[in-house]
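Shown here: data.cif, mmCIF, C-alpha atoms and all ligand atoms.
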```cif
data_run
#
loop_
_atom_site.label_atom_id
_atom_site.label_comp_id
_atom_site.auth_asym_id
_atom_site.auth_seq_id
_atom_site.Cartn_x
_atom_site.Cartn_y
_atom_site.Cartn_z
CA MET A 1 -80.96 -242.92 -80.57
CA ARG A 2 -79.58 -242.43 -84.06
CA THR A 3 -76.97 -240.02 -85.42
CA GLN A 4 -74.69 -239.80 -88.43
CA VAL A 5 -71.34 -239.92 -86.63
CA VAL A 6 -70.61 -241.14 -83.10
CA ILE A 7 -67.46 -239.55 -81.76
CA VAL A 8 -65.89 -241.62 -78.98
CA GLY A 9 -63.82 -239.33 -76.73
CA GLY A 10 -64.31 -235.67 -75.83
CA GLY A 11 -60.65 -234.61 -75.85
CA PRO A 12 -59.49 -231.92 -78.27
CA SER A 13 -59.66 -234.27 -81.31
CA GLY A 14 -63.22 -235.37 -80.74
CA MET A 15 -64.49 -231.92 -79.81
CA LEU A 16 -62.86 -230.23 -82.80
CA LEU A 17 -64.17 -232.88 -85.20
CA GLY A 18 -67.65 -232.54 -83.69
CA GLN A 19 -67.70 -228.79 -84.19
CA LEU A 20 -66.45 -228.99 -87.79
CA LEU A 21 -68.99 -231.69 -88.69
CA HIS A 22 -71.77 -229.67 -87.11
CA ARG A 23 -70.84 -226.66 -89.27
CA GLU A 24 -71.04 -228.98 -92.27
CA GLY A 25 -74.56 -230.03 -91.24
CA ILE A 26 -73.46 -233.50 -90.15
CA ASP A 27 -75.11 -234.71 -86.93
CA ASN A 28 -72.83 -236.14 -84.30
CA VAL A 29 -72.85 -237.28 -80.70
CA VAL A 30 -69.75 -237.13 -78.48
CA LEU A 31 -69.36 -239.86 -75.85
CA GLU A 32 -66.84 -239.04 -73.12
CA ARG A 33 -65.82 -241.25 -70.22
CA ARG A 34 -64.94 -238.46 -67.78
CA ASP A 35 -66.69 -235.20 -66.85
CA ARG A 36 -65.91 -231.76 -68.22
CA ALA A 37 -64.00 -230.65 -65.12
CA HIS A 38 -61.66 -233.62 -65.39
CA VAL A 39 -61.04 -233.16 -69.12
CA LEU A 40 -60.28 -229.48 -68.54
CA SER A 41 -57.83 -230.17 -65.74
CA ARG A 42 -55.30 -231.90 -68.00
CA ILE A 43 -52.23 -229.83 -68.78
CA ARG A 44 -50.57 -230.48 -72.12
CA ALA A 45 -48.32 -228.66 -74.59
CA GLY A 46 -49.29 -225.26 -75.93
CA VAL A 47 -47.79 -224.60 -79.34
CA LEU A 48 -50.33 -224.36 -82.16
CA GLU A 49 -49.49 -224.76 -85.83
CA GLN A 50 -51.25 -222.68 -88.47
CA GLY A 51 -53.10 -225.79 -89.67
CA LEU A 52 -54.76 -226.23 -86.28
CA ILE A 53 -55.46 -222.50 -86.04
CA GLY A 54 -57.18 -222.71 -89.44
CA LEU A 55 -59.34 -225.58 -88.19
CA MET A 56 -60.26 -223.63 -85.05
CA GLU A 57 -61.28 -220.73 -87.31
CA ALA A 58 -63.34 -223.04 -89.55
CA ALA A 59 -65.01 -224.39 -86.41
CA GLY A 60 -65.82 -220.84 -85.27
CA VAL A 61 -63.82 -221.13 -82.04
CA ALA A 62 -60.70 -219.06 -82.70
CA ASP A 63 -61.67 -215.67 -81.25
CA ARG A 64 -60.11 -216.12 -77.81
CA LEU A 65 -57.09 -217.86 -79.27
CA HIS A 66 -56.40 -214.82 -81.46
CA ARG A 67 -57.04 -212.46 -78.56
CA GLU A 68 -55.06 -214.20 -75.86
CA GLY A 69 -52.57 -216.43 -77.71
CA TYR A 70 -48.97 -215.32 -78.16
CA VAL A 71 -47.59 -215.17 -81.69
CA HIS A 72 -44.06 -216.60 -81.66
CA GLU A 73 -42.00 -215.62 -84.67
CA GLY A 74 -39.02 -217.62 -83.50
CA THR A 75 -37.72 -220.33 -81.20
CA ASN A 76 -34.38 -220.96 -79.47
CA LEU A 77 -32.14 -223.98 -79.31
CA SER A 78 -29.33 -224.32 -76.82
CA PHE A 79 -26.65 -227.00 -76.52
CA ASP A 80 -23.97 -227.14 -73.85
CA GLY A 81 -24.68 -223.54 -72.90
CA GLN A 82 -24.57 -222.08 -76.44
CA MET A 83 -27.88 -220.72 -77.69
CA PHE A 84 -29.13 -219.61 -81.10
CA ARG A 85 -32.48 -218.46 -82.42
CA LEU A 86 -34.36 -219.70 -85.45
CA ASN A 87 -36.62 -217.10 -87.04
CA LEU A 88 -39.59 -219.31 -87.92
CA SER A 89 -41.45 -216.65 -89.88
CA ALA A 90 -38.41 -215.80 -92.02
CA LEU A 91 -37.43 -219.45 -92.54
CA ALA A 92 -40.82 -221.07 -93.02
CA GLY A 93 -43.13 -218.17 -93.79
CA LYS A 94 -45.29 -218.48 -90.68
CA PRO A 95 -45.14 -218.24 -86.90
CA VAL A 96 -46.74 -220.49 -84.30
CA ILE A 97 -49.18 -219.41 -81.59
CA VAL A 98 -48.58 -220.30 -77.95
CA TYR A 99 -51.97 -221.04 -76.36
CA GLY A 100 -52.50 -223.89 -73.89
CA GLN A 101 -54.16 -227.06 -75.09
CA THR A 102 -56.39 -226.84 -72.04
CA GLU A 103 -57.71 -223.52 -73.38
CA VAL A 104 -58.28 -225.02 -76.84
CA THR A 105 -60.36 -227.74 -75.22
CA ARG A 106 -62.24 -225.26 -73.05
CA ASP A 107 -63.18 -223.16 -76.11
CA LEU A 108 -64.45 -226.28 -77.84
CA TYR A 109 -66.53 -227.35 -74.81
CA ASP A 110 -68.03 -223.85 -74.58
CA ALA A 111 -68.86 -223.81 -78.30
CA ARG A 112 -70.52 -227.22 -78.17
CA ALA A 113 -72.61 -226.20 -75.19
CA ALA A 114 -73.56 -222.90 -76.86
CA ALA A 115 -74.70 -224.75 -79.99
CA GLY A 116 -76.70 -227.19 -77.83
CA LEU A 117 -75.00 -230.23 -79.38
CA PRO A 118 -75.15 -233.62 -77.67
CA LEU A 119 -72.20 -234.50 -75.46
CA ILE A 120 -72.73 -237.45 -73.19
CA ASP A 121 -70.18 -237.37 -70.40
CA THR A 122 -69.42 -239.99 -67.74
CA ALA A 123 -70.27 -242.65 -70.34
CA GLU A 124 -68.99 -246.01 -69.12
CA ASP A 125 -68.26 -249.27 -70.94
CA VAL A 126 -68.37 -247.71 -74.38
CA ALA A 127 -68.32 -250.49 -77.01
CA ILE A 128 -68.25 -250.21 -80.79
CA HIS A 129 -70.20 -252.85 -82.71
CA GLY A 130 -70.39 -253.79 -86.40
CA ALA A 131 -67.75 -251.34 -87.58
CA ASP A 132 -66.80 -253.75 -90.35
CA GLY A 133 -70.39 -253.81 -91.67
CA ASP A 134 -72.83 -251.21 -93.03
CA ARG A 135 -74.67 -250.38 -89.81
CA PRO A 136 -72.41 -249.82 -86.86
CA HIS A 137 -73.72 -248.97 -83.41
CA VAL A 138 -72.19 -247.93 -80.14
CA THR A 139 -73.35 -248.95 -76.68
CA TYR A 140 -72.53 -247.39 -73.32
CA THR A 141 -73.73 -247.35 -69.75
CA ARG A 142 -74.64 -244.22 -67.82
CA HIS A 143 -75.91 -244.19 -64.24
CA GLY A 144 -76.34 -247.96 -64.50
CA VAL A 145 -78.54 -247.83 -67.62
CA GLU A 146 -77.35 -249.22 -70.96
CA HIS A 147 -77.90 -247.11 -74.08
CA ARG A 148 -77.45 -247.69 -77.80
CA ILE A 149 -76.69 -245.21 -80.60
CA ASP A 150 -77.02 -246.29 -84.23
CA CYS A 151 -74.85 -244.42 -86.71
CA ASP A 152 -73.20 -244.33 -90.13
CA PHE A 153 -69.63 -243.92 -88.88
CA VAL A 154 -67.61 -244.00 -85.65
CA ALA A 155 -64.71 -241.60 -85.03
CA GLY A 156 -62.36 -243.11 -82.45
CA CYS A 157 -61.00 -240.01 -80.68
CA ASP A 158 -60.54 -241.64 -77.28
CA GLY A 159 -56.82 -241.27 -76.80
CA PHE A 160 -54.10 -243.84 -76.22
CA HIS A 161 -56.01 -245.76 -73.52
CA GLY A 162 -59.37 -245.74 -75.28
CA VAL A 163 -61.51 -248.54 -76.65
CA SER A 164 -61.40 -247.61 -80.35
CA ARG A 165 -57.94 -248.85 -81.26
CA ARG A 166 -58.57 -252.10 -79.39
CA THR A 167 -61.74 -252.59 -81.45
CA VAL A 168 -59.61 -253.08 -84.57
CA PRO A 169 -58.77 -256.82 -84.64
CA GLY A 170 -55.18 -257.77 -83.89
CA THR A 171 -55.02 -259.59 -87.22
CA VAL A 172 -55.59 -256.27 -89.05
CA ARG A 173 -53.56 -253.96 -86.84
CA ARG A 174 -49.85 -253.33 -86.76
CA ASP A 175 -48.36 -251.28 -83.91
CA TYR A 176 -44.98 -249.51 -84.02
CA GLU A 177 -43.47 -248.29 -80.79
CA LYS A 178 -40.37 -246.76 -79.27
CA VAL A 179 -40.18 -246.07 -75.54
CA TYR A 180 -37.49 -243.62 -74.41
CA PRO A 181 -35.50 -244.35 -71.26
CA PHE A 182 -36.53 -241.12 -69.48
CA GLY A 183 -39.47 -238.85 -68.71
CA TRP A 184 -40.23 -235.14 -68.55
CA LEU A 185 -40.90 -233.48 -65.24
CA GLY A 186 -43.02 -230.39 -65.86
CA ILE A 187 -44.00 -227.56 -63.57
CA LEU A 188 -46.28 -224.55 -63.82
CA SER A 189 -45.31 -221.53 -61.76
CA GLN A 190 -46.77 -218.07 -61.36
CA THR A 191 -43.60 -216.34 -62.44
CA PRO A 192 -42.75 -214.31 -65.55
CA PRO A 193 -41.29 -216.59 -68.27
CA VAL A 194 -37.51 -216.35 -68.52
CA SER A 195 -37.69 -215.80 -72.27
CA HIS A 196 -40.44 -214.40 -74.48
CA GLU A 197 -39.82 -217.32 -76.86
CA LEU A 198 -39.33 -221.01 -76.10
CA ILE A 199 -35.89 -222.43 -75.31
CA TYR A 200 -35.15 -226.10 -76.08
CA ALA A 201 -31.91 -226.95 -74.28
CA GLY A 202 -29.62 -229.98 -74.42
CA SER A 203 -26.81 -230.29 -71.88
CA ASP A 204 -24.58 -232.81 -70.16
CA ALA A 205 -27.10 -232.90 -67.33
CA GLY A 206 -29.98 -233.62 -69.74
CA PHE A 207 -32.74 -231.81 -71.61
CA ALA A 208 -34.69 -228.76 -70.41
CA LEU A 209 -37.46 -226.66 -71.95
CA CYS A 210 -38.60 -223.14 -71.09
CA SER A 211 -42.16 -222.47 -72.17
CA MET A 212 -45.02 -220.30 -70.97
CA ARG A 213 -48.75 -219.82 -70.71
CA ASN A 214 -48.89 -216.05 -70.17
CA ALA A 215 -46.93 -213.04 -68.87
CA ASN A 216 -47.05 -214.39 -65.32
CA LEU A 217 -47.34 -218.12 -65.87
CA SER A 218 -44.31 -220.17 -66.84
CA ARG A 219 -44.16 -223.77 -67.95
CA TYR A 220 -40.79 -225.48 -67.54
CA TYR A 221 -39.61 -229.04 -68.04
CA VAL A 222 -36.51 -231.06 -67.24
CA GLN A 223 -35.65 -234.55 -68.43
CA CYS A 224 -35.82 -236.97 -65.49
CA ALA A 225 -35.24 -240.67 -64.97
CA ALA A 226 -38.07 -242.92 -66.18
CA MET A 227 -38.48 -244.27 -62.65
CA ASP A 228 -38.59 -240.87 -60.88
CA ARG A 229 -41.67 -239.88 -58.91
CA VAL A 230 -42.95 -236.34 -58.39
CA GLU A 231 -42.13 -236.68 -54.66
CA ASP A 232 -38.46 -237.05 -55.60
CA TRP A 233 -38.47 -233.52 -56.97
CA SER A 234 -38.75 -230.62 -54.54
CA ASP A 235 -39.20 -227.21 -56.15
CA ASP A 236 -35.65 -226.31 -55.12
CA ARG A 237 -34.23 -229.37 -56.83
CA PHE A 238 -36.26 -228.59 -59.94
CA TRP A 239 -35.06 -224.96 -60.23
CA ALA A 240 -31.44 -225.93 -59.60
CA GLU A 241 -31.58 -228.63 -62.25
CA LEU A 242 -33.30 -226.34 -64.76
CA GLY A 243 -30.71 -223.60 -64.23
CA ARG A 244 -27.84 -226.05 -64.68
CA ARG A 245 -29.13 -227.05 -68.13
CA LEU A 246 -29.59 -223.53 -69.53
CA PRO A 247 -27.04 -221.01 -70.82
CA ALA A 248 -25.59 -219.06 -67.86
CA HIS A 249 -27.20 -215.74 -68.81
CA VAL A 250 -30.62 -217.41 -69.05
CA ALA A 251 -30.18 -219.26 -65.75
CA GLU A 252 -29.27 -215.98 -64.06
CA ALA A 253 -32.47 -214.37 -65.32
CA LEU A 254 -34.73 -217.23 -64.08
CA VAL A 255 -37.44 -216.02 -61.71
CA THR A 256 -38.26 -218.94 -59.44
CA GLY A 257 -41.29 -219.45 -57.27
CA PRO A 258 -43.49 -222.22 -55.88
CA SER A 259 -44.83 -224.71 -58.42
CA ILE A 260 -48.62 -224.74 -58.77
CA GLU A 261 -48.55 -227.99 -60.74
CA LYS A 262 -45.92 -230.67 -61.07
CA SER A 263 -46.14 -233.90 -63.04
CA ILE A 264 -44.04 -236.49 -64.81
CA ALA A 265 -44.81 -237.75 -68.31
CA PRO A 266 -43.13 -240.75 -69.92
CA LEU A 267 -41.83 -240.31 -73.47
CA ARG A 268 -42.96 -242.60 -76.23
CA SER A 269 -43.35 -242.76 -79.99
CA PHE A 270 -46.25 -244.94 -81.15
CA VAL A 271 -48.21 -245.46 -84.37
CA THR A 272 -50.90 -247.98 -85.20
CA GLU A 273 -51.73 -248.89 -88.79
CA PRO A 274 -54.17 -248.74 -90.47
CA MET A 275 -56.14 -245.82 -89.03
CA ARG A 276 -59.40 -247.12 -90.46
CA TRP A 277 -61.26 -250.36 -90.02
CA GLY A 278 -64.51 -250.41 -92.01
CA ARG A 279 -66.62 -247.57 -90.64
CA LEU A 280 -64.35 -246.90 -87.65
CA PHE A 281 -61.76 -244.14 -88.07
CA LEU A 282 -58.96 -243.62 -85.53
CA VAL A 283 -58.05 -240.00 -84.82
CA GLY A 284 -55.33 -238.36 -82.68
CA ASP A 285 -53.81 -240.10 -79.65
CA ALA A 286 -56.01 -243.15 -80.30
CA ALA A 287 -53.75 -243.88 -83.27
CA HIS A 288 -50.43 -242.26 -82.45
CA ILE A 289 -48.28 -240.75 -79.70
CA VAL A 290 -45.25 -238.52 -80.12
CA PRO A 291 -42.75 -237.49 -77.46
CA PRO A 292 -43.50 -233.86 -76.49
CA THR A 293 -40.24 -232.49 -77.92
CA GLY A 294 -41.54 -230.30 -80.75
CA ALA A 295 -45.12 -230.09 -79.45
CA LYS A 296 -46.58 -232.21 -82.23
CA GLY A 297 -49.21 -234.19 -80.23
CA LEU A 298 -52.23 -231.96 -80.63
CA ASN A 299 -51.07 -230.65 -83.99
CA THR A 300 -50.84 -234.14 -85.43
CA ALA A 301 -54.27 -234.98 -84.04
CA ALA A 302 -55.49 -231.86 -85.85
CA SER A 303 -54.32 -233.05 -89.25
CA ASP A 304 -56.26 -236.32 -88.75
CA VAL A 305 -59.32 -234.25 -87.87
CA HIS A 306 -58.83 -232.23 -91.05
CA TYR A 307 -58.67 -235.32 -93.30
CA LEU A 308 -61.64 -237.02 -91.64
CA TRP A 309 -63.77 -233.85 -91.64
CA GLN A 310 -63.09 -233.33 -95.36
CA ALA A 311 -63.73 -236.99 -96.15
CA LEU A 312 -67.06 -237.08 -94.30
CA ALA A 313 -68.14 -233.78 -95.88
CA ARG A 314 -67.39 -235.22 -99.31
CA HIS A 315 -69.31 -238.39 -98.49
CA TYR A 316 -72.43 -236.57 -97.26
CA ARG A 317 -72.32 -233.75 -99.82
CA ALA A 318 -71.50 -235.70 -102.95
CA ASN A 319 -71.89 -239.34 -101.97
CA ASP A 320 -68.20 -239.67 -102.84
CA ALA A 321 -66.31 -242.21 -100.71
CA GLU A 322 -62.80 -241.49 -101.97
CA GLY A 323 -61.78 -239.35 -99.00
CA LEU A 324 -62.94 -242.04 -96.59
CA GLU A 325 -61.13 -244.72 -98.60
CA ARG A 326 -57.92 -242.68 -98.55
CA TYR A 327 -58.17 -241.43 -94.94
CA SER A 328 -55.74 -243.89 -93.37
CA GLU A 329 -53.10 -243.56 -96.07
CA GLN A 330 -53.33 -239.77 -96.15
CA ALA A 331 -53.32 -239.29 -92.38
CA LEU A 332 -50.44 -241.74 -91.86
CA LEU A 333 -48.24 -240.00 -94.39
CA ARG A 334 -48.28 -236.85 -92.29
CA VAL A 335 -48.29 -238.71 -88.96
CA TRP A 336 -45.01 -240.44 -89.81
CA LYS A 337 -43.39 -237.14 -90.74
CA ALA A 338 -44.41 -235.67 -87.39
CA GLU A 339 -43.14 -238.84 -85.69
CA ARG A 340 -39.82 -238.41 -87.47
CA PHE A 341 -39.44 -234.78 -86.42
CA SER A 342 -40.40 -235.44 -82.79
CA TRP A 343 -38.09 -238.44 -82.62
CA SER A 344 -35.14 -236.59 -84.17
CA LEU A 345 -35.51 -233.59 -81.85
CA THR A 346 -35.77 -235.97 -78.89
CA MET A 347 -32.64 -237.86 -79.98
CA LEU A 348 -30.80 -234.59 -80.59
CA LEU A 349 -31.35 -232.93 -77.23
CA HIS A 350 -31.66 -235.65 -74.56
CA ARG A 351 -29.05 -237.43 -72.54
CA PHE A 352 -29.38 -241.21 -73.00
CA PRO A 353 -28.23 -243.55 -70.21
CA ASP A 354 -26.01 -245.62 -72.52
CA GLN A 355 -24.73 -242.70 -74.55
CA THR A 356 -21.07 -242.79 -75.60
CA GLY A 357 -18.70 -239.87 -76.16
CA PHE A 358 -19.18 -240.48 -79.87
CA ASP A 359 -22.96 -240.15 -79.55
CA ARG A 360 -22.53 -236.81 -77.73
CA ARG A 361 -20.23 -235.56 -80.49
CA MET A 362 -22.86 -236.54 -83.08
CA GLN A 363 -25.46 -234.47 -81.22
CA ALA A 364 -23.06 -231.52 -81.01
CA ALA A 365 -22.23 -231.79 -84.73
CA GLU A 366 -25.88 -231.92 -85.72
CA ILE A 367 -26.61 -228.85 -83.61
CA ALA A 368 -23.65 -227.01 -85.13
CA PHE A 369 -24.89 -227.90 -88.62
CA LEU A 370 -28.34 -226.56 -87.77
CA ARG A 371 -26.85 -223.37 -86.31
CA ASP A 372 -24.68 -222.74 -89.39
CA ASN A 373 -26.65 -224.11 -92.34
CA HIS A 374 -29.56 -222.24 -93.86
CA ALA A 375 -31.09 -225.27 -95.60
CA ALA A 376 -31.08 -227.21 -92.32
CA GLN A 377 -32.75 -224.26 -90.59
CA VAL A 378 -35.45 -224.07 -93.26
CA ALA A 379 -36.14 -227.80 -92.88
CA PHE A 380 -36.32 -227.48 -89.09
CA ALA A 381 -38.59 -224.42 -89.25
CA GLN A 382 -40.95 -226.01 -91.81
CA ASN A 383 -41.37 -229.01 -89.53
CA TYR A 384 -41.73 -226.90 -86.41
CA VAL A 385 -44.45 -224.61 -87.78
CA GLY A 386 -46.15 -227.65 -89.31
CA LEU A 387 -46.00 -229.41 -92.66
CA PRO A 388 -48.91 -228.69 -95.03
CA TYR A 389 -52.01 -230.92 -94.85
N1 LIG B 401 -64.93 -244.01 -73.78
C1 LIG B 401 -65.16 -242.67 -73.91
N2 LIG B 401 -64.18 -241.76 -73.80
C2 LIG B 401 -62.94 -242.20 -73.57
C3 LIG B 401 -62.64 -243.57 -73.44
C4 LIG B 401 -63.70 -244.50 -73.56
N3 LIG B 401 -63.48 -245.82 -73.45
N4 LIG B 401 -61.31 -243.69 -73.22
C5 LIG B 401 -60.81 -242.46 -73.20
N5 LIG B 401 -61.78 -241.55 -73.40
C6 LIG B 401 -61.65 -240.07 -73.46
C7 LIG B 401 -60.65 -239.53 -72.47
O1 LIG B 401 -61.24 -239.31 -71.19
C8 LIG B 401 -60.25 -238.22 -73.14
O2 LIG B 401 -61.05 -237.13 -72.73
O3 LIG B 401 -61.13 -239.72 -74.73
C9 LIG B 401 -60.45 -238.47 -74.62
C10 LIG B 401 -59.16 -238.54 -75.39
O4 LIG B 401 -58.51 -237.29 -75.31
P1 LIG B 401 -56.92 -237.13 -75.45
O5 LIG B 401 -56.25 -238.26 -74.74
O6 LIG B 401 -56.59 -235.75 -75.09
O7 LIG B 401 -56.64 -237.40 -77.02
P2 LIG B 401 -56.97 -236.48 -78.28
O8 LIG B 401 -58.28 -235.81 -78.18
O9 LIG B 401 -56.65 -237.31 -79.49
O10 LIG B 401 -55.91 -235.31 -78.15
C11 LIG B 401 -54.68 -235.27 -78.78
O11 LIG B 401 -52.66 -234.05 -78.29
O12 LIG B 401 -50.90 -233.06 -77.10
C12 LIG B 401 -51.53 -234.24 -77.44
O13 LIG B 401 -51.56 -236.19 -76.11
C13 LIG B 401 -52.00 -234.90 -76.24
O14 LIG B 401 -54.25 -235.01 -75.51
C14 LIG B 401 -53.49 -234.73 -76.46
C15 LIG B 401 -53.54 -235.03 -77.89
C1 LIG B 402 -45.54 -226.54 -73.32
O1 LIG B 402 -45.65 -225.30 -73.34
O2 LIG B 402 -46.10 -227.23 -72.46
C2 LIG B 402 -44.70 -227.19 -74.36
C3 LIG B 402 -44.14 -226.42 -75.38
C4 LIG B 402 -43.35 -227.02 -76.34
C5 LIG B 402 -43.14 -228.38 -76.31
C6 LIG B 402 -43.71 -229.16 -75.32
C7 LIG B 402 -44.50 -228.57 -74.35
O3 LIG B 402 -42.34 -228.95 -77.26
#
```

How does the structure come out when it is put into structure tokens?
Ligand code: APR
Ligand code: PHB
Amino acid sequence: MRTQVVIVGGGPSGMLLGQLLHREGIDNVVLERRDRAHVLSRIRAGVLEQGLIGLMEAAGVADRLHREGYVHEGTNLSFDGQMFRLNLSALAGKPVIVYGQTEVTRDLYDARAAAGLPLIDTAEDVAIHGADGDRPHVTYTRHGVEHRIDCDFVAGCDGFHGVSRRTVPGTVRRDYEKVYPFGWLGILSQTPPVSHELIYAGSDAGFALCSMRNANLSRYYVQCAAMDRVEDWSDDRFWAELGRRLPAHVAEALVTGPSIEKSIAPLRSFVTEPMRWGRLFLVGDAAHIVPPTGAKGLNTAASDVHYLWQALARHYRANDAEGLERYSEQALLRVWKAERFSWSLTMLLHRFPDQTGFDRRMQAAEIAFLRDNHAAQVAFAQNYVGLPY
């Protein structure tokens, strides 16, 4: 088989890129290790920046998002029980939309199926060959049979554990990493959200986040120990801990109920450089991870997709390689800014095991500055709604 671009990984990055390339008349094949049901069972953050919304529109998959997503004009920060609101639209000129990443991925799967585009799922042993030459190809095994796809370019959209990043030789690659000494325990519950906008809360007992999926589906998180297991956290313990970390009037308004999903995610910041090796381009979680504070994971993947889509369009339309040459540099510039914002919000609101009284005072002072200073609020809001591409 031959195609123009092989996309390794059918997560949101790969599926969005595939749809955008298709609309540009660029043939592509998506190779995914799991099946659709598995991909669509993953629960991730749900705050979409305008940049991503624009890409969904360009890909022709934004109808449901506009119908069912919730426009959030503001967000709330709380520290030691004191809460304040930042009006994102007033401060940064745009809101965000709350719409689950799972739904984004579902819309992309439906669109790809409707357009009859090739998506090879349950592809095992995917391997990328000759990416540093002119004629790369990708091999994989399916139902015990080995297959080969020849292509012009490979987009490595296969997440943190994928094969693409590991294909870049260690002599070329530089990895940067910070692992945080805690995790996030998240639950979904069929209860009305406690607030119609998100609440990011820091407290002596640790971080908590109130988020939502719809009018009767809440998504809540509490910071937990890195070693904790889901079994350590009964629903009762979760609700008590969440309430303790929120302002009293919010805690009193919490509607609790059984969790329908409960999971623990570790927190890490990670970037690999460069994001291109010859004809292989790394996109999304394959190249970088952010801690979930600030919901930048999918949004940062989206900016990579934007740069690569534009670069490939320019290459095929005008035989102009400049976008491809500049991809890594351009993508990384924005990636590092998203890393900085996610890291700073994580440092600001979490309880660290070795934290001193001085460190706590620094957090409190930074929060007070943000609450009282317009310029700081503008900077926060611009980062939160998403920096320009
Ligand atoms: N071969 C083929 N597919 C693979 C391989 C492989 N060797 N390894 C992993 N995959 C698939 C995974 O099964 C997954 O469906 O690649 C996909 C990668 O998807 P994600 O991990 O979701 O990464 P990405 O598409 O970049 O999405 C960006 O935003 O909120 C963040 O981390 C969150 O998933 C999110 C990300
Ligand atoms: C979520 O709704 O799951 C969510 C929202 C905001 C975040 C992280 C996760 O920063």

With the cut-off set at 9 Å and counting only C-alpha atoms and all ligand atoms, tabulate each residue of chain A with an atom at most that distance from an atom of ligand LIG 402 (chain B), showing the nearest atom pair and its distance in Å to one decimal, ordered by chain and increasing number, as a Markdown table.
```
| residue | atom | partner | partner_atom | distance |
| --- | --- | --- | --- | --- |
| A:Ile43 | CA | B:LIG402 | O2 | 7.6 |
| A:Arg44 | CA | B:LIG402 | O2 | 5.5 |
| A:Ala45 | CA | B:LIG402 | O2 | 3.4 |
| A:Gly46 | CA | B:LIG402 | O1 | 4.5 |
| A:Val47 | CA | B:LIG402 | C3 | 5.7 |
| A:Val98 | CA | B:LIG402 | O1 | 7.4 |
| A:Tyr99 | CA | B:LIG402 | O1 | 8.2 |
| A:Gly100 | CA | B:LIG402 | O1 | 7.0 |
| A:Gln101 | CA | B:LIG402 | O2 | 8.5 |
| A:Gly186 | CA | B:LIG402 | O2 | 7.9 |
| A:Leu198 | CA | B:LIG402 | C4 | 7.2 |
| A:Ile199 | CA | B:LIG402 | C4 | 8.8 |
| A:Tyr200 | CA | B:LIG402 | O3 | 7.8 |
| A:Leu209 | CA | B:LIG402 | C4 | 7.4 |
| A:Cys210 | CA | B:LIG402 | O1 | 7.7 |
| A:Ser211 | CA | B:LIG402 | O1 | 4.6 |
| A:Met212 | CA | B:LIG402 | O1 | 5.6 |
| A:Arg213 | CA | B:LIG402 | O1 | 6.8 |
| A:Ser218 | CA | B:LIG402 | O1 | 8.4 |
| A:Arg219 | CA | B:LIG402 | O1 | 5.8 |
| A:Tyr220 | CA | B:LIG402 | O2 | 7.4 |
| A:Tyr221 | CA | B:LIG402 | C7 | 8.0 |
| A:Pro291 | CA | B:LIG402 | O3 | 8.6 |
| A:Pro292 | CA | B:LIG402 | C6 | 4.8 |
| A:Thr293 | CA | B:LIG402 | O3 | 4.2 |
| A:Gly294 | CA | B:LIG402 | O3 | 3.8 |
| A:Ala295 | CA | B:LIG402 | O3 | 3.7 |
| A:Lys296 | CA | B:LIG402 | O3 | 7.3 |
| A:Gly297 | CA | B:LIG402 | C6 | 8.9 |
| A:Ser342 | CA | B:LIG402 | O3 | 8.7 |
```

Store the residues picked out above in a file with C-alpha atoms, as a CSV table (one decimal), keeping the file's coordinate frame.
```csv
chain,number,residue,atom,x,y,z
A,43,ILE,CA,-52.2,-229.8,-68.8
A,44,ARG,CA,-50.6,-230.5,-72.1
A,45,ALA,CA,-48.3,-228.7,-74.6
A,46,GLY,CA,-49.3,-225.3,-75.9
A,47,VAL,CA,-47.8,-224.6,-79.3
A,98,VAL,CA,-48.6,-220.3,-78.0
A,99,TYR,CA,-52.0,-221.0,-76.4
A,100,GLY,CA,-52.5,-223.9,-73.9
A,101,GLN,CA,-54.2,-227.1,-75.1
A,186,GLY,CA,-43.0,-230.4,-65.9
A,198,LEU,CA,-39.3,-221.0,-76.1
A,199,ILE,CA,-35.9,-222.4,-75.3
A,200,TYR,CA,-35.2,-226.1,-76.1
A,209,LEU,CA,-37.5,-226.7,-72.0
A,210,CYS,CA,-38.6,-223.1,-71.1
A,211,SER,CA,-42.2,-222.5,-72.2
A,212,MET,CA,-45.0,-220.3,-71.0
A,213,ARG,CA,-48.8,-219.8,-70.7
A,218,SER,CA,-44.3,-220.2,-66.8
A,219,ARG,CA,-44.2,-223.8,-68.0
A,220,TYR,CA,-40.8,-225.5,-67.5
A,221,TYR,CA,-39.6,-229.0,-68.0
A,291,PRO,CA,-42.8,-237.5,-77.5
A,292,PRO,CA,-43.5,-233.9,-76.5
A,293,THR,CA,-40.2,-232.5,-77.9
A,294,GLY,CA,-41.5,-230.3,-80.8
A,295,ALA,CA,-45.1,-230.1,-79.4
A,296,LYS,CA,-46.6,-232.2,-82.2
A,297,GLY,CA,-49.2,-234.2,-80.2
A,342,SER,CA,-40.4,-235.4,-82.8
```

Two-atom distance - atom CA of A:Ile120, atom CA of A:Asp35 (Å):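 Taking atom CA of A:Ile120 as the start and atom CA of A:Asp35 as the end point, the length is 9.0 Å.
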
Closest of A:Val378, A:Leu31, A:Met83, A:Ala111 to A:Ala248 - atom-to-atom distances counting only C-alpha atoms: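 Closest to A:Ala248, using only C-alpha atoms: A:Met83.
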
Shell of 8 Å around ligand LIG 401 (chain B) (all atoms listed in the file), written as a VMD selection string: chain A and resid 8 to 15 31 to 34 39 44 to 45 101 122 to 127 157 to 164 283 to 286 289 to 290 292 295 to 302

Atom CA of A:Glu103 to atom CA of A:Leu40, straight-line distance in Å: 8.1 Å
